[in-house]
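*Asks:* The structure's right below; bear with me while I get my questions together.
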Amino acid sequence: MEIVELVDFLKNYDGKKIRLMEVCGSHTHAIAKHGIRDLLSSQIELLSGPGCPVCVTPTAYIDRLIELSLEPDTTVATFGDLLRVPGSKESLNEAKGRGGSVEMVYSPMDVLALAQEHPDRKYVFAAVGFETTAPVYTLLLDNAIARGLDNIRILTALKTMPGAISFLCDNGAQIDGFIAPGHVSAVTGADYFNDLAAKYQIPFAVSGFGSKELVIAIYGLVQMVINNDNTVKNYYTSVVDSGQNDIIAGQLAKYFKPADVVWRGMGIIPGSGLLLKDEYSRFDAGSDGLDEDNKRNKACRCGEILMGKAKPHDCPLFGKVCTPMSPEGACMVSEEGSCFNAYLIR
């Protein structure tokens with residue numbers, strides 16, 4: 001079928017209500033950027049799930065980074081979007097304003113040069129992300145070891161996607177199909193989601209990020225829902241294989257172990273994260289036990305939004321006291337956040 005025929009079907013679909021969820025922050029951004037929701041019938045609802053790494057990072061993690069930034073001879077290095085994520089009382093940006101040592105970097109590898117140039121200073125990198133970004137931190141550690149740099153640490157908030165999807169399905173999220181995370185699938189392979197599809201009898205469609213790729217995947221997923229085809233289909237074959245990348249899997253297994261970790265708004269999800277193995281604990285900046293998630297503003301509904309139980313406009317703070325310039329919740333900070341994207345197209 002031509003793309004215009006797929007769009008016509010999606011726009012005029014009048015069957016049963018279908019609720020689909022993307023669990024990739026880049027998909028959330030691409031869907032908003034390309035106006036994908038405007039191409040869909042009112043009977044097809046797209047929801048943004050816990051696919052933005054910044055959005056699911058708990059307040060305890062931000063609070064720990066702030067503590068570290070205020071320690072003598074210690075600098076926290078991080079990507080720019082994490083600077084504005086609210087902790088329980090303040091953000092890293094606010095802590096920097098009162099004397100915290102915080103350095104914005106564009107790559108974890110930037111920390112190597114900083115640590116080498118200032119050997120008497122400890123550099124803590126904020127290692128946030130999913131299966132996609134975790135391998136980069138293994139390269140950072142490889143290089144730190146090879147160069148004999150003992151003043152590099154990482155504070156991990158690394159998540160793995162199956163645990164979050166299981167949590168959603170086990171806790172009343174009414175989802176008929178998942179747009180599988182494209183970047184994650186490029187690392188893990190599409191088969192990564194087979195067990196979830198079988199266990200919960202729900203279909204998955206792996207998608208690329210262009211407008212046509214998303215339309216094709218959404219059309220395919222709708223057809224799977226209609227036909228009760230509860231399997232995993234890969235619509236991103238130019239990048240994603242069925243199996244995992246063994247080299248990357250080996251790197252992850254070398255440094256990390258599965259762990260029970262906390263997700264902002266969802267609490268502790270068993271086996272859904274990665275912590276450094278004991279033999280590499282000298283590189284850890286205190287990642288274990290960061291399980292508190294205290295909202296700075298109790299009215300923030302980020303947790304419900306991440307679970308598909310509310311939409312950004314349902315939050316009383318949205319577009320009022322909570323904007324991209326002054327976020328009250330993590331979903332408004334990153335360009336991958338559901339509230340951020342909803343604000344841009346409101």
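Residue numbers start at 1 in each chain; chains themselves are named A, B, ... in the order of the structure tokens; ligands are numbered from 1 in the order shown.
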Which residues are near A:Arg153? Cut-off 6 Å, only C-alpha atoms, ignore same chain within fewer than 3 positions. Put them as a list in words.
*Replies:*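 Skipping anything fewer than 3 positions along the chain leaves Val124, Phe283, Asp284 and Ala285 of chain A.
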*Asks:* I'd like the contact shell of A:Pro58 - 6 Å cut-off, only C-alpha atoms, skipping same-chain residues fewer than 5 positions apart - returned as a PDB file with all heavy atoms, in the first residue's frame.
*Replies:*
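Generated file (out01.pdb):
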```pdb
ATOM      1  N   TRP A 263      11.966   4.244  39.602  1.00  0.00           N
ATOM      2  CA  TRP A 263      11.573   5.061  38.456  1.00  0.00           C
ATOM      3  C   TRP A 263      10.706   6.197  38.985  1.00  0.00           C
ATOM      4  O   TRP A 263       9.821   5.980  39.812  1.00  0.00           O
ATOM      5  CB  TRP A 263      10.767   4.253  37.441  1.00  0.00           C
ATOM      6  CG  TRP A 263      11.512   3.117  36.806  1.00  0.00           C
ATOM      7  CD1 TRP A 263      12.119   2.061  37.424  1.00  0.00           C
ATOM      8  CD2 TRP A 263      11.709   2.918  35.393  1.00  0.00           C
ATOM      9  NE1 TRP A 263      12.687   1.219  36.498  1.00  0.00           N
ATOM     10  CE2 TRP A 263      12.449   1.715  35.242  1.00  0.00           C
ATOM     11  CE3 TRP A 263      11.335   3.627  34.247  1.00  0.00           C
ATOM     12  CZ2 TRP A 263      12.804   1.223  33.994  1.00  0.00           C
ATOM     13  CZ3 TRP A 263      11.696   3.129  33.009  1.00  0.00           C
ATOM     14  CH2 TRP A 263      12.431   1.952  32.884  1.00  0.00           C
ATOM     15  N   ARG A 264      10.957   7.390  38.516  1.00  0.00           N
ATOM     16  CA  ARG A 264      10.174   8.534  38.980  1.00  0.00           C
ATOM     17  C   ARG A 264       8.687   8.275  38.712  1.00  0.00           C
ATOM     18  O   ARG A 264       8.280   7.958  37.603  1.00  0.00           O
ATOM     19  CB  ARG A 264      10.607   9.803  38.250  1.00  0.00           C
ATOM     20  CG  ARG A 264       9.925  11.063  38.771  1.00  0.00           C
ATOM     21  CD  ARG A 264      10.398  12.314  38.047  1.00  0.00           C
ATOM     22  NE  ARG A 264      11.750  12.697  38.423  1.00  0.00           N
ATOM     23  CZ  ARG A 264      12.065  13.845  39.018  1.00  0.00           C
ATOM     24  NH1 ARG A 264      11.110  14.714  39.345  1.00  0.00           N
ATOM     25  NH2 ARG A 264      13.308  14.134  39.310  1.00  0.00           N
ATOM     26  N   ASP A 293      11.615   9.253  46.000  1.00  0.00           N
ATOM     27  CA  ASP A 293      11.096  10.031  44.876  1.00  0.00           C
ATOM     28  C   ASP A 293      10.111  11.062  45.411  1.00  0.00           C
ATOM     29  O   ASP A 293       8.898  10.914  45.299  1.00  0.00           O
ATOM     30  CB  ASP A 293      10.430   9.100  43.859  1.00  0.00           C
ATOM     31  CG  ASP A 293      10.051   9.815  42.581  1.00  0.00           C
ATOM     32  OD1 ASP A 293      10.695  10.830  42.265  1.00  0.00           O
ATOM     33  OD2 ASP A 293       9.119   9.365  41.894  1.00  0.00           O
TER      34      ASP A 293
END
```
*Asks:* According to DSSP computed on the backbone, where in stretch 51-142 of chain A is there strand (DSSP E or B)? Give the residues as number ranges by chain.
*Replies:* A: 74-78, 102-104, 122-129
*Asks:* Go ahead and save the residues from that selection, with N, CA and C atoms, as a short mmCIF file (atom, residue, chain, number, x, y, z; two decimals), in the first residue's frame.
*Replies:*
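What follows is the written file out_13.cif:
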```cif
data_model
loop_
_atom_site.label_atom_id
_atom_site.label_comp_id
_atom_site.auth_asym_id
_atom_site.auth_seq_id
_atom_site.Cartn_x
_atom_site.Cartn_y
_atom_site.Cartn_z
N THR A 74 35.37 18.14 44.16
CA THR A 74 34.52 17.24 43.38
C THR A 74 33.70 18.04 42.38
N THR A 75 33.65 17.56 41.14
CA THR A 75 32.86 18.19 40.09
C THR A 75 31.91 17.17 39.49
N VAL A 76 30.66 17.55 39.34
CA VAL A 76 29.67 16.71 38.67
C VAL A 76 29.63 17.11 37.19
N ALA A 77 29.80 16.14 36.32
CA ALA A 77 29.72 16.37 34.88
C ALA A 77 28.44 15.74 34.36
N THR A 78 27.70 16.47 33.52
CA THR A 78 26.41 15.98 33.06
C THR A 78 26.02 16.60 31.74
N VAL A 102 29.59 22.14 38.95
CA VAL A 102 28.87 21.37 37.93
C VAL A 102 29.39 21.76 36.56
N GLU A 103 29.73 20.76 35.76
CA GLU A 103 30.28 21.00 34.43
C GLU A 103 29.37 20.34 33.40
N MET A 104 28.87 21.13 32.43
CA MET A 104 28.08 20.55 31.36
C MET A 104 29.02 20.02 30.27
N LYS A 122 38.09 15.08 41.78
CA LYS A 122 37.26 13.93 41.42
C LYS A 122 36.14 14.38 40.49
N TYR A 123 35.94 13.63 39.41
CA TYR A 123 34.89 13.96 38.45
C TYR A 123 33.84 12.84 38.45
N VAL A 124 32.60 13.24 38.72
CA VAL A 124 31.49 12.29 38.78
C VAL A 124 30.60 12.53 37.56
N PHE A 125 30.48 11.51 36.72
CA PHE A 125 29.59 11.66 35.57
C PHE A 125 28.21 11.12 35.89
N ALA A 126 27.18 11.90 35.54
CA ALA A 126 25.79 11.49 35.75
C ALA A 126 25.38 10.53 34.65
N ALA A 127 25.47 9.24 34.94
CA ALA A 127 25.22 8.20 33.94
C ALA A 127 23.75 7.81 33.92
N VAL A 128 22.99 8.55 33.12
CA VAL A 128 21.55 8.34 32.99
C VAL A 128 21.25 7.72 31.64
N GLY A 129 20.27 6.82 31.58
CA GLY A 129 19.88 6.31 30.27
C GLY A 129 19.31 4.91 30.31
#
```
*Asks:* Stretch 241-317 of chain A: which residues are alpha helix (DSSP H) by DSSP, as a VMD selection string?
*Replies:* chain A and resid 246 to 255 302 to 306
